[in-house]
>>> print(open('model.txt').read())   # compact mmCIF, C-alpha atoms
# COMPACT_ATOMS: atom_id res chain seq x y z
CA MET A 270 73.39 -0.42 76.86
CA GLY A 271 71.95 -3.70 75.55
CA GLY A 272 69.69 -1.71 73.24
CA LEU A 273 72.71 -0.13 71.64
CA ARG A 274 74.29 -3.38 70.69
CA GLU A 275 70.96 -4.63 69.38
CA ILE A 276 70.64 -1.68 67.02
CA LYS A 277 74.23 -2.06 65.88
CA ARG A 278 73.56 -5.66 64.96
CA ARG A 279 70.51 -4.74 62.95
CA ILE A 280 72.42 -2.09 61.05
CA VAL A 281 75.07 -4.63 60.11
CA SER A 282 72.46 -7.13 58.97
CA VAL A 283 70.55 -4.62 56.84
CA LYS A 284 73.83 -3.48 55.33
CA SER A 285 74.68 -6.98 54.19
CA THR A 286 71.19 -7.36 52.76
CA ARG A 287 71.71 -4.16 50.84
CA GLN A 288 74.95 -5.49 49.49
CA ILE A 289 73.18 -8.56 48.19
CA THR A 290 70.31 -6.70 46.56
CA LYS A 291 72.80 -4.31 45.02
CA ALA A 292 74.76 -7.16 43.52
CA MET A 293 71.57 -8.75 42.21
CA LYS A 294 70.62 -5.46 40.65
CA MET A 295 73.92 -5.28 38.81
CA VAL A 296 73.55 -8.84 37.59
CA ALA A 297 70.01 -8.14 36.40
CA ALA A 298 71.21 -5.04 34.57
CA ALA A 299 73.92 -6.99 32.77
CA LYS A 300 71.53 -9.77 31.84
CA LEU A 301 68.92 -7.29 30.74
CA ARG A 302 71.39 -5.76 28.34
CA LYS A 303 72.17 -9.16 26.92
CA ALA A 304 68.50 -10.02 26.61
CA GLN A 305 67.71 -6.75 24.89
CA GLU A 306 70.47 -7.40 22.40
CA ALA A 307 69.04 -10.84 21.73
CA VAL A 308 65.58 -9.36 21.19
CA ALA A 309 66.98 -6.77 18.79
CA ALA A 310 69.06 -9.37 16.95
CA SER A 311 66.11 -11.66 16.39
CA ARG A 312 63.85 -8.97 14.95
CA PRO A 313 65.16 -8.94 11.36
CA TYR A 314 64.59 -12.68 11.07
CA ALA A 315 61.12 -12.54 12.57
CA SER A 316 59.97 -9.64 10.43
CA LYS A 317 61.39 -11.26 7.30
CA MET A 318 59.50 -14.38 8.28
CA ALA A 319 56.26 -12.47 8.64
CA GLU A 320 56.85 -10.95 5.23
CA VAL A 321 57.34 -14.37 3.72
CA ILE A 322 54.17 -15.68 5.34
CA GLY A 323 52.41 -12.69 3.84
CA ALA A 324 53.76 -13.54 0.40
CA LEU A 325 52.55 -17.08 0.88
CA GLY A 326 49.13 -15.81 1.88
CA SER A 327 47.39 -16.76 -1.35
CA VAL A 328 48.86 -20.25 -1.23
CA SER A 329 47.96 -20.81 2.38
CA GLU A 330 44.31 -20.10 1.75
CA GLU A 331 43.90 -23.00 -0.61
CA ALA A 332 46.07 -25.33 1.40
CA ALA A 333 44.52 -27.45 4.11
CA HIS A 334 47.64 -27.53 6.21
CA PRO A 335 47.24 -29.14 9.65
CA LEU A 336 48.66 -26.07 11.38
CA LEU A 337 45.93 -23.91 9.87
CA ALA A 338 43.09 -26.26 10.74
CA LYS A 339 40.27 -24.61 12.62
CA ARG A 340 38.30 -27.06 14.73
CA GLU A 341 35.57 -26.80 17.26
CA GLU A 342 37.35 -25.53 20.36
CA LYS A 343 36.97 -28.17 22.99
CA ASN A 344 40.40 -27.99 24.53
CA VAL A 345 42.67 -25.01 24.87
CA LEU A 346 46.37 -25.07 25.62
CA LEU A 347 48.10 -22.19 27.33
CA LEU A 348 51.82 -21.88 26.98
CA VAL A 349 52.89 -19.88 30.01
CA PHE A 350 56.27 -18.17 30.25
CA SER A 351 57.33 -17.66 33.86
CA SER A 352 60.69 -17.49 35.59
CA ASP A 353 62.81 -20.07 37.38
CA LYS A 354 63.74 -17.74 40.20
CA GLY A 355 61.82 -15.35 42.36
CA LEU A 356 62.75 -11.87 43.56
CA CYS A 357 61.62 -10.27 40.36
CA GLY A 358 58.71 -8.15 41.47
CA ALA A 359 55.29 -8.79 40.02
CA PHE A 360 56.71 -10.55 36.96
CA ASN A 361 55.16 -13.94 37.58
CA ALA A 362 52.00 -12.63 39.22
CA ASN A 363 51.30 -10.54 36.13
CA VAL A 364 51.59 -13.50 33.81
CA PHE A 365 49.36 -15.62 36.01
CA LYS A 366 46.77 -12.88 36.08
CA ALA A 367 46.79 -12.79 32.29
CA VAL A 368 46.43 -16.56 32.25
CA HIS A 369 43.42 -16.33 34.54
CA ASN A 370 41.83 -13.89 32.12
CA VAL A 371 42.27 -16.26 29.22
CA ILE A 372 40.87 -19.11 31.28
CA ARG A 373 37.83 -17.03 32.12
CA GLU A 374 37.28 -16.22 28.44
CA ASN A 375 37.41 -19.90 27.62
CA GLU A 376 35.11 -21.10 30.33
CA GLY A 377 33.59 -24.52 29.74
CA LYS A 378 36.46 -25.76 27.60
CA GLY A 379 39.16 -28.12 28.76
CA ILE A 380 42.11 -26.09 29.94
CA HIS A 381 45.59 -27.48 29.40
CA VAL A 382 48.71 -25.71 30.52
CA SER A 383 52.34 -26.01 29.52
CA VAL A 384 54.70 -23.93 31.58
CA ILE A 385 58.19 -22.65 31.23
CA GLY A 386 59.89 -21.87 34.53
CA LYS A 387 59.77 -23.32 38.02
CA LYS A 388 57.55 -20.58 39.40
CA GLY A 389 54.87 -21.35 36.86
CA ARG A 390 55.09 -25.06 37.44
CA ASP A 391 54.73 -24.71 41.20
CA PHE A 392 51.82 -22.35 40.78
CA TRP A 393 49.79 -24.34 38.26
CA LYS A 394 50.48 -27.71 39.84
CA ARG A 395 48.01 -26.85 42.55
CA ARG A 396 45.35 -25.45 40.23
CA ASN A 397 42.50 -27.13 38.49
CA VAL A 398 44.14 -27.49 35.09
CA THR A 399 45.75 -30.27 33.08
CA MET A 400 49.49 -29.85 33.09
CA GLU A 401 50.90 -30.91 29.74
CA LYS A 402 54.59 -30.11 29.94
CA ALA A 403 56.79 -28.20 32.30
CA TYR A 404 60.16 -26.90 31.22
CA VAL A 405 62.24 -25.92 34.23
CA ASP A 406 65.80 -24.80 34.86
CA TYR A 407 65.85 -23.26 31.44
CA THR A 408 67.64 -20.03 32.24
CA ARG A 409 70.98 -21.43 31.18
CA ASP A 410 69.88 -22.45 27.73
CA ILE A 411 67.81 -19.68 26.32
CA ASN A 412 68.55 -20.29 22.69
CA TYR A 413 66.83 -21.22 19.49
CA GLN A 414 67.18 -24.96 20.07
CA PHE A 415 65.19 -24.68 23.25
CA ALA A 416 62.43 -22.77 21.46
CA GLN A 417 62.45 -25.44 18.77
CA LYS A 418 61.92 -28.14 21.35
CA ILE A 419 58.96 -26.33 22.85
CA ALA A 420 57.53 -25.62 19.41
CA LYS A 421 57.83 -29.27 18.47
CA ASP A 422 55.93 -30.35 21.58
CA VAL A 423 53.13 -27.85 21.07
CA ILE A 424 52.76 -28.66 17.40
CA GLU A 425 52.47 -32.29 18.34
CA THR A 426 49.67 -31.73 20.83
CA PHE A 427 47.88 -29.63 18.25
CA VAL A 428 48.27 -31.97 15.30
CA HIS A 429 47.16 -34.96 17.38
CA GLU A 430 44.01 -32.99 18.21
CA LYS A 431 44.65 -33.13 21.93
CA VAL A 432 44.00 -29.41 21.93
CA ASP A 433 42.24 -27.24 19.38
CA LYS A 434 43.65 -23.84 20.14
CA ILE A 435 46.92 -22.65 21.62
CA PHE A 436 47.76 -19.38 23.30
CA MET A 437 51.08 -18.08 24.48
CA VAL A 438 51.02 -15.96 27.60
CA TYR A 439 54.12 -13.94 28.41
CA ASN A 440 55.42 -10.59 29.52
CA LYS A 441 56.02 -8.46 26.48
CA PHE A 442 59.02 -6.25 26.95
CA ARG A 443 58.41 -2.50 26.71
CA SER A 444 61.19 -1.10 28.85
CA ALA A 445 62.99 -2.07 32.02
CA ALA A 446 60.18 -0.55 34.05
CA VAL A 447 57.21 -1.53 31.88
CA GLN A 448 56.16 -4.99 30.78
CA ASP A 449 52.83 -5.93 29.26
CA PRO A 450 51.50 -9.32 30.08
CA THR A 451 49.99 -10.47 26.79
CA ALA A 452 48.21 -13.49 25.42
CA VAL A 453 48.57 -14.27 21.73
CA GLN A 454 47.10 -17.06 19.69
CA LEU A 455 49.78 -19.36 18.38
CA LEU A 456 47.73 -22.09 16.70
CA PRO A 457 45.74 -22.52 14.55
CA MET A 458 47.68 -19.93 12.67
CA GLU A 459 45.62 -17.03 11.48
CA PRO A 460 45.94 -16.80 7.70
CA ALA A 461 48.28 -13.92 7.05
CA GLY A 462 46.26 -10.79 6.55
CA GLY A 463 48.67 -9.03 4.19
CA LYS A 464 47.00 -9.81 0.89
CA ASN A 465 48.10 -6.63 -0.80
CA GLU A 466 51.73 -7.68 -0.63
CA ASP A 467 53.80 -6.62 -3.59
CA ALA A 468 54.95 -10.19 -4.03
CA ALA A 469 51.43 -11.47 -4.68
CA GLY A 470 51.92 -15.21 -4.87
CA GLY A 471 50.73 -15.55 -8.48
CA ASP A 472 53.91 -15.25 -10.46
CA MET A 473 56.26 -16.49 -7.80
CA LEU A 474 58.22 -19.66 -8.32
CA PHE A 475 58.43 -22.25 -5.57
CA GLU A 476 60.94 -24.99 -5.22
CA PRO A 477 60.34 -27.90 -4.68
CA SER A 478 56.63 -26.99 -4.49
CA ALA A 479 54.41 -24.40 -2.87
CA GLN A 480 53.04 -27.04 -0.53
CA ALA A 481 56.44 -28.18 0.67
CA VAL A 482 57.61 -24.63 1.18
CA LEU A 483 54.47 -23.72 3.04
CA SER A 484 54.69 -26.56 5.51
CA ALA A 485 58.37 -25.91 6.19
CA VAL A 486 57.74 -22.23 6.67
CA LEU A 487 54.73 -22.63 8.93
CA GLU A 488 56.61 -24.87 11.31
CA LYS A 489 59.51 -22.45 11.38
CA TYR A 490 57.10 -19.64 12.04
CA VAL A 491 55.80 -21.34 15.16
CA GLU A 492 59.38 -21.82 16.32
CA VAL A 493 60.20 -18.20 15.73
CA GLN A 494 57.17 -17.01 17.61
CA VAL A 495 58.01 -19.20 20.57
CA PHE A 496 61.60 -17.99 20.46
CA GLN A 497 60.53 -14.36 20.41
CA ALA A 498 58.20 -14.89 23.35
CA LEU A 499 60.99 -16.66 25.19
CA ILE A 500 63.54 -13.90 24.86
CA GLU A 501 61.00 -11.14 25.43
CA SER A 502 59.96 -12.89 28.60
CA TRP A 503 63.59 -13.22 29.60
CA ALA A 504 64.21 -9.53 29.03
CA SER A 505 61.08 -8.70 31.01
CA GLU A 506 62.15 -10.93 33.86
CA ASN A 507 65.44 -9.12 34.18
CA GLY A 508 63.85 -5.72 33.77
CA SER A 509 61.41 -6.55 36.51
CA LYS A 510 64.17 -7.90 38.70
CA LEU A 511 66.25 -4.81 38.13
CA VAL A 512 63.45 -2.55 39.31
CA ALA A 513 62.61 -4.78 42.27
CA MET A 514 66.21 -4.94 43.42
CA ASP A 515 66.67 -1.22 42.92
CA ASN A 516 63.71 -0.60 45.21
CA ALA A 517 65.01 -3.09 47.74
CA THR A 518 68.42 -1.42 47.76
CA ARG A 519 66.84 1.97 48.27
CA ASN A 520 64.62 0.68 51.06
CA ALA A 521 67.59 -0.88 52.79
CA GLY A 522 69.38 2.46 52.55
CA ASP A 523 66.43 4.25 54.15
CA MET A 524 66.33 1.68 56.89
CA ILE A 525 70.03 2.05 57.60
CA ASN A 526 69.63 5.81 57.87
CA GLY A 527 66.76 5.42 60.34
CA LEU A 528 68.63 2.88 62.40
CA THR A 529 71.80 4.95 62.46
CA LEU A 530 69.84 7.90 63.76
CA GLN A 531 68.28 5.72 66.42
CA TYR A 532 71.70 4.35 67.33
CA ASN A 533 73.25 7.80 67.70
CA ARG A 534 70.36 8.98 69.84
CA ALA A 535 70.65 5.98 72.10
CA ARG A 536 74.38 6.47 72.42
CA GLN A 537 73.95 10.15 73.23
CA ALA A 538 71.33 9.28 75.83
CA ALA A 539 73.70 6.81 77.44
CA ILE A 540 76.50 9.37 77.58
CA THR A 541 74.20 12.00 79.05
CA LYS A 542 73.03 9.56 81.64
CA GLU A 543 76.59 8.70 82.65
CA LEU A 544 77.53 12.37 82.91
CA ILE A 545 74.57 13.07 85.15
CA GLU A 546 75.58 10.17 87.34
CA ILE A 547 79.14 11.42 87.67
CA VAL A 548 78.09 15.02 88.34
CA SER A 549 75.53 14.03 90.93
CA GLY A 550 78.06 11.68 92.55
CA ALA A 551 80.56 14.57 92.78
CA ASP A 552 77.86 16.84 94.20
CA ALA A 553 77.03 14.29 96.85
CA LEU A 554 80.68 14.14 97.96
CA LYS A 555 81.02 17.93 98.11
CA SER A 556 78.07 18.50 100.41
CA MET B 25 69.05 0.20 -16.92
CA GLU B 26 68.28 -2.08 -14.06
CA LYS B 27 70.08 -2.00 -10.79
CA GLN B 28 73.30 -3.93 -10.98
CA THR B 29 73.43 -5.03 -7.39
CA LEU B 30 71.50 -7.16 -4.94
CA GLN B 31 70.83 -6.61 -1.28
CA LEU B 32 71.82 -9.84 0.44
CA ASP B 33 70.69 -10.66 3.96
CA ILE B 34 71.63 -13.86 5.70
CA LEU B 35 69.58 -14.13 8.85
CA THR B 36 69.37 -16.56 11.72
CA PRO B 37 66.92 -16.27 14.61
CA GLU B 38 69.77 -15.25 16.87
CA LYS B 39 71.49 -12.70 14.68
CA GLN B 40 72.00 -11.12 11.32
CA VAL B 41 75.09 -12.76 9.88
CA VAL B 42 75.44 -10.91 6.60
CA SER B 43 73.97 -7.73 5.26
CA ALA B 44 75.73 -6.64 2.11
CA THR B 45 75.35 -5.22 -1.35
CA VAL B 46 76.49 -7.90 -3.76
CA LYS B 47 76.81 -8.64 -7.45
CA PHE B 48 76.18 -12.35 -7.36
CA VAL B 49 74.92 -15.02 -4.96
CA ALA B 50 75.01 -18.81 -5.20
CA ALA B 51 73.17 -21.01 -2.72
CA PRO B 52 72.43 -24.71 -2.25
CA GLY B 53 68.75 -25.13 -3.13
CA ALA B 54 66.80 -28.24 -2.22
CA GLU B 55 66.80 -29.19 -5.88
CA GLY B 56 70.31 -28.18 -6.75
CA GLU B 57 72.60 -25.24 -6.46
CA PHE B 58 71.42 -22.02 -8.00
CA GLY B 59 72.94 -18.67 -8.76
CA VAL B 60 71.29 -15.29 -8.58
CA LEU B 61 72.17 -12.15 -10.51
CA PRO B 62 70.36 -8.82 -10.22
CA GLY B 63 66.99 -8.90 -11.96
CA HIS B 64 66.19 -12.49 -11.04
CA THR B 65 62.54 -13.50 -11.09
CA ASP B 66 60.64 -13.85 -7.80
CA PHE B 67 61.50 -17.18 -6.43
CA PHE B 68 61.25 -19.06 -3.19
CA THR B 69 63.14 -22.20 -2.31
CA LEU B 70 64.11 -24.48 0.51
CA LEU B 71 67.81 -24.79 1.14
CA LYS B 72 69.98 -27.74 1.98
CA SER B 73 72.84 -27.19 4.32
CA GLY B 74 75.88 -26.18 2.38
CA ASN B 75 77.88 -23.29 1.17
CA VAL B 76 76.63 -19.87 0.12
CA VAL B 77 78.96 -17.83 -2.05
CA PHE B 78 78.53 -14.17 -2.78
CA GLU B 79 80.57 -11.60 -4.61
CA ASP B 80 80.80 -8.00 -3.62
CA ALA B 81 83.19 -5.19 -4.44
CA GLY B 82 85.85 -6.81 -2.30
CA GLY B 83 85.82 -10.24 -3.93
CA SER B 84 83.98 -13.45 -3.11
CA HIS B 85 82.95 -14.66 0.33
CA HIS B 86 81.81 -17.99 1.64
CA VAL B 87 79.25 -18.72 4.33
CA ALA B 88 78.32 -22.12 5.69
CA VAL B 89 74.58 -22.46 6.24
CA SER B 90 72.29 -25.06 7.71
CA ARG B 91 68.87 -25.95 6.32
CA GLY B 92 66.46 -23.12 5.76
CA TYR B 93 65.05 -21.23 2.84
CA ALA B 94 65.71 -18.35 0.51
CA HIS B 95 63.46 -15.65 -0.86
CA VAL B 96 64.75 -14.17 -4.09
CA ARG B 97 63.50 -10.99 -5.71
CA ALA B 98 64.84 -8.82 -8.51
CA GLU B 99 66.82 -6.58 -6.19
CA ALA B 100 67.22 -8.60 -3.00
CA VAL B 101 67.98 -12.03 -1.66
CA SER B 102 67.02 -13.06 1.85
CA ILE B 103 68.40 -16.26 3.24
CA LEU B 104 66.78 -17.52 6.43
CA VAL B 105 68.54 -20.39 8.13
CA GLU B 106 69.02 -21.75 11.61
CA ASN B 107 72.77 -21.42 11.59
CA ALA B 108 75.16 -19.50 9.44
CA GLU B 109 78.86 -18.96 9.83
CA LYS B 110 81.25 -16.95 7.75
CA ALA B 111 84.14 -19.00 6.48
CA GLU B 112 86.68 -16.99 8.39
CA ASP B 113 84.88 -17.70 11.68
CA ILE B 114 84.85 -21.47 11.28
CA ASP B 115 87.14 -23.55 13.42
CA ILE B 116 87.91 -26.37 11.04
CA GLU B 117 89.38 -28.69 13.67
CA ARG B 118 86.26 -28.42 15.73
CA ALA B 119 84.05 -28.97 12.72
CA LYS B 120 85.94 -32.16 11.91
CA LYS B 121 85.62 -33.41 15.46
CA ASP B 122 81.91 -32.63 15.41
CA MET B 123 81.51 -34.60 12.25
CA GLU B 124 83.30 -37.62 13.67
CA ARG B 125 81.24 -37.50 16.81
CA TRP B 126 77.92 -37.32 14.97
CA GLU B 127 78.91 -40.01 12.55
CA GLN B 128 79.65 -42.28 15.46
CA SER B 129 76.31 -41.63 17.09
CA CYS B 130 74.62 -42.10 13.75
CA ALA B 131 76.27 -45.48 13.13
CA GLY B 132 74.26 -47.13 15.90
CA VAL B 133 70.77 -46.04 14.85
CA THR B 134 68.49 -47.14 12.07
CA SER B 135 66.62 -44.84 9.75
CA GLU B 136 63.43 -45.41 11.72
CA ASP B 137 64.92 -43.94 14.85
CA PRO B 138 63.48 -40.50 15.56
CA ASN B 139 67.00 -39.23 16.14
CA PHE B 140 68.20 -40.33 12.75
CA GLU B 141 66.99 -37.18 11.06
CA ILE B 142 68.71 -35.05 13.66
CA PHE B 143 72.01 -36.86 13.30
CA GLN B 144 71.84 -36.60 9.55
CA ALA B 145 71.24 -32.88 9.77
CA LYS B 146 74.16 -32.49 12.18
CA ILE B 147 76.48 -34.41 9.87
CA GLU B 148 75.35 -32.39 6.88
CA ARG B 149 76.00 -29.22 8.75
CA ALA B 150 79.46 -30.27 9.89
CA LYS B 151 80.28 -31.26 6.33
CA ALA B 152 79.12 -27.91 5.02
CA ARG B 153 81.28 -26.12 7.53
CA ILE B 154 84.35 -28.13 6.65
CA GLU B 155 83.84 -27.58 2.94
CA THR B 156 83.30 -23.88 3.33
CA ALA B 157 86.39 -23.50 5.47
CA GLN B 158 88.50 -25.51 3.04
CA ARG B 159 87.43 -23.47 0.06
CA VAL B 160 88.75 -20.40 1.70
CA ALA B 161 91.92 -22.07 2.89
CA HIS B 162 92.80 -23.27 -0.62
CA ARG B 163 92.73 -19.88 -2.21
>>> encode(input="model.txt", output="structure tokens")
Amino acid sequence: MGGLREIKRRIVSVKSTRQITKAMKMVAAAKLRKAQEAVAASRPYASKMAEVIGALGSVSEEAAHPLLAKREEKNVLLLVFSSDKGLCGAFNANVFKAVHNVIRENEGKGIHVSVIGKKGRDFWKRRNVTMEKAYVDYTRDINYQFAQKIAKDVIETFVHEKVDKIFMVYNKFRSAAVQDPTAVQLLPMEPAGGKNEDAAGGDMLFEPSAQAVLSAVLEKYVEVQVFQALIESWASENGSKLVAMDNATRNAGDMINGLTLQYNRARQAAITKELIEIVSGADALKS
Amino acid sequence: MEKQTLQLDILTPEKQVVSATVKFVAAPGAEGEFGVLPGHTDFFTLLKSGNVVFEDAGGSHHVAVSRGYAHVRAEAVSILVENAEKAEDIDIERAKKDMERWEQSCAGVTSEDPNFEIFQAKIERAKARIETAQRVAHR
């Protein structure tokens, strides 16, 4: 009989776990929708920005702007986008794997890391890298100001020649089920390739001057890229969490089914046993 | 005959605030306010925070913008700023309070302070919002 109660208790406990994972799944789905909207809303600005950089292409080639400066690569900074919270599948592991790849490609150079998210901080703290900055507890303020702050810090490390090349590593959002961990070069900025733009810089007017415009735009462009990575990473995190929690809910359901079956069998066995006892007791009296 | 309208986009990193077909746009350039009619020459400028006015079939509209820049072509104007608010969405009381608050925090710092720039920008922005909202209110 003790076994019965034991199984009952386990069923109750798995059920409450399922309730939790189900709730987390709903939350992730709602946040994912929000994040996807944010990604979609930021696209016009970013693509316009890229267009402008293209139009400025001819100017940027002559200009020796600090953000375009190519130096000998002695130190590399990796800007890693991770999450604050766990329970989101392979989200963080995927990013870290991508980071490891970049580190391997840049063997022999000084590796610096700036991380966004607690998970990343805890992971890279114990590794053999120089931690520049860690931004944690950021989930509440995913907005442009936050991206600006990060961009400002990275630009500073770059301009002061602490590092000579900067990569961003984050989960690019494909769909709720698919995220690509990617590494993109942030600085020095590659001169915009689009030379055949219709607005070929020649007869364009700049105010106050091409130089002033260029430097304002380049800085903004870094901000925008960081912002895009930030929200894409956020969308990926919630997509990953959604899938993970969906699986967990389904697994809990399977487990409950198995346990219920086991419980019913045990109960039936107990009843059968009791019946046999009664019948054999009656038989004994009769004879 | 050239096209008589402009495609105006006012974009912020977080959303597209305006997308409209317009007849005229005026914006606060870094070196003074400028107006754009269809057929304008290619032109690129930084913007101060202030008030953007545009006219479409339904009359004129005001939008408060923060610093950013504008890309002008013969048939389109793109305004890229950090913040933009349509006049009708501005809460004037809040804007005034913001302005007071930032002016107070600005009073204590010198121009060498790294925050000085930020405070100045905040004040400018609050001012732009108040002005934009008032323009609409006075009509």
>>> closest_residue(input="model.txt", among="A:Leu474, A:Leu456, A:Leu544, A:Met514", to="chain B", atoms="all atoms listed in the file")
A:Leu474
>>> closest_residue(input="model.txt", among="B:Val101, B:Ala81, B:Ala50, B:Ala88", to="chain A", atoms="all atoms listed in the file")
B:Val101
>>> interface_residues(input="model.txt", of="chain A", to="chain B", cutoff="6 Å", atoms="all atoms listed in the file", output="VMD selection string")
chain A and resid 310 to 311 314 473 to 476
>>> residues_near_point(input="model.txt", point="(58.3, -11.5, 43.7)", cutoff="12 Å", atoms="all atoms listed in the file", output="ChimeraX atom specification")
/A:351-363,388,506,509-514,517
>>> atom_distance(input="model.txt", atom1="CA of Pro62 (chain B)", atom2="CA of Gln28 (chain B)")
5.8 Å
>>> residues_around(input="model.txt", residues="Gly83 (chain B)", least_positions_apart="3", cutoff="10 Å", atoms="all atoms listed in the file", output="list in words")
Val46, Lys47, Phe78, Glu79 and Asp80 of chain B
>>> residues_around(input="model.txt", residues="Tyr407 (chain A)", least_positions_apart="4", cutoff="9 Å", atoms="all atoms listed in the file", output="CSV table (one decimal) with C-alpha atoms, in the coordinates of the input")
chain,number,residue,atom,x,y,z
A,352,SER,CA,60.7,-17.5,35.6
A,353,ASP,CA,62.8,-20.1,37.4
A,385,ILE,CA,58.2,-22.6,31.2
A,386,GLY,CA,59.9,-21.9,34.5
A,387,LYS,CA,59.8,-23.3,38.0
A,411,ILE,CA,67.8,-19.7,26.3
A,415,PHE,CA,65.2,-24.7,23.2
>>> residues_around(input="model.txt", residues="Leu528 (chain A)", least_positions_apart="3", cutoff="9 Å", atoms="all atoms listed in the file", output="number ranges by chain")
A: 276-277, 279-280, 523-525, 531-533
>>> residues_around(input="model.txt", residues="Glu99 (chain B)", least_positions_apart="4", cutoff="8 Å", atoms="only C-alpha atoms", output="list in words")
Lys27, Thr29, Leu30, Gln31, Pro62, Gly63 and His64 of chain B
>>> write_last_selection(input="model.txt", atoms="C-alpha atoms", output="PDB file, in the coordinates of the input")
ATOM      1  CA  LYS B  27      70.080  -2.000 -10.790  1.00  0.00           C
ATOM      2  CA  THR B  29      73.430  -5.030  -7.390  1.00  0.00           C
ATOM      3  CA  LEU B  30      71.500  -7.160  -4.940  1.00  0.00           C
ATOM      4  CA  GLN B  31      70.830  -6.610  -1.280  1.00  0.00           C
ATOM      5  CA  PRO B  62      70.360  -8.820 -10.220  1.00  0.00           C
ATOM      6  CA  GLY B  63      66.990  -8.900 -11.960  1.00  0.00           C
ATOM      7  CA  HIS B  64      66.190 -12.490 -11.040  1.00  0.00           C
TER       8      HIS B  64
END
>>> closest_residue(input="model.txt", among="A:Ala553, A:Leu483, A:Ala315, A:Val349", to="Thr451 (chain A)", atoms="only C-alpha atoms")
A:Val349
>>> atom_distance(input="model.txt", atom1="CA of Phe427 (chain A)", atom2="CA of Pro335 (chain A)")
8.6 Å
>>> closest_residue(input="model.txt", among="B:Leu32, B:Ile116, B:Ile142, B:Ala44", to="Ala100 (chain B)", atoms="only C-alpha atoms")
B:Leu32
>>> closest_residue(input="model.txt", among="A:Ala481, A:Val371, A:Ala498, A:Leu347", to="Val423 (chain A)", atoms="only C-alpha atoms")
A:Leu347
>>> atom_distance(input="model.txt", atom1="CA of Glu430 (chain A)", atom2="CA of Pro457 (chain A)")
11.2 Å
>>> residues_around(input="model.txt", residues="Ser505 (chain A)", least_positions_apart="6", cutoff="10 Å", atoms="all atoms listed in the file", output="list of chain:residue names")
A:Leu301, A:Ala304, A:Gln305, A:Ser352, A:Cys357, A:Phe360, A:Tyr439, A:Asn440, A:Lys441, A:Phe442, A:Arg443, A:Ser444, A:Ala445, A:Ala446, A:Val447, A:Gln448, A:Asp449, A:Pro450, A:Leu499, A:Leu511
>>> write_last_selection(input="model.txt", atoms="C-alpha atoms", output="short mmCIF file (atom, residue, chain, number, x, y, z; two decimals), in the coordinates of the input")
data_model
loop_
_atom_site.label_atom_id
_atom_site.label_comp_id
_atom_site.auth_asym_id
_atom_site.auth_seq_id
_atom_site.Cartn_x
_atom_site.Cartn_y
_atom_site.Cartn_z
CA LEU A 301 68.92 -7.29 30.74
CA ALA A 304 68.50 -10.02 26.61
CA GLN A 305 67.71 -6.75 24.89
CA SER A 352 60.69 -17.49 35.59
CA CYS A 357 61.62 -10.27 40.36
CA PHE A 360 56.71 -10.55 36.96
CA TYR A 439 54.12 -13.94 28.41
CA ASN A 440 55.42 -10.59 29.52
CA LYS A 441 56.02 -8.46 26.48
CA PHE A 442 59.02 -6.25 26.95
CA ARG A 443 58.41 -2.50 26.71
CA SER A 444 61.19 -1.10 28.85
CA ALA A 445 62.99 -2.07 32.02
CA ALA A 446 60.18 -0.55 34.05
CA VAL A 447 57.21 -1.53 31.88
CA GLN A 448 56.16 -4.99 30.78
CA ASP A 449 52.83 -5.93 29.26
CA PRO A 450 51.50 -9.32 30.08
CA LEU A 499 60.99 -16.66 25.19
CA LEU A 511 66.25 -4.81 38.13
#
>>> closest_residue(input="model.txt", among="B:Thr45, B:Gln144, B:Gln128, B:Asn139", to="Leu61 (chain B)", atoms="all atoms listed in the file")
B:Thr45
>>> residues_near_point(input="model.txt", point="(63.1, -9.8, 20.7)", cutoff="6 Å", atoms="only C-alpha atoms", output="MDAnalysis selection string")
chainID A and resid 308:309 311:312 497 500:501
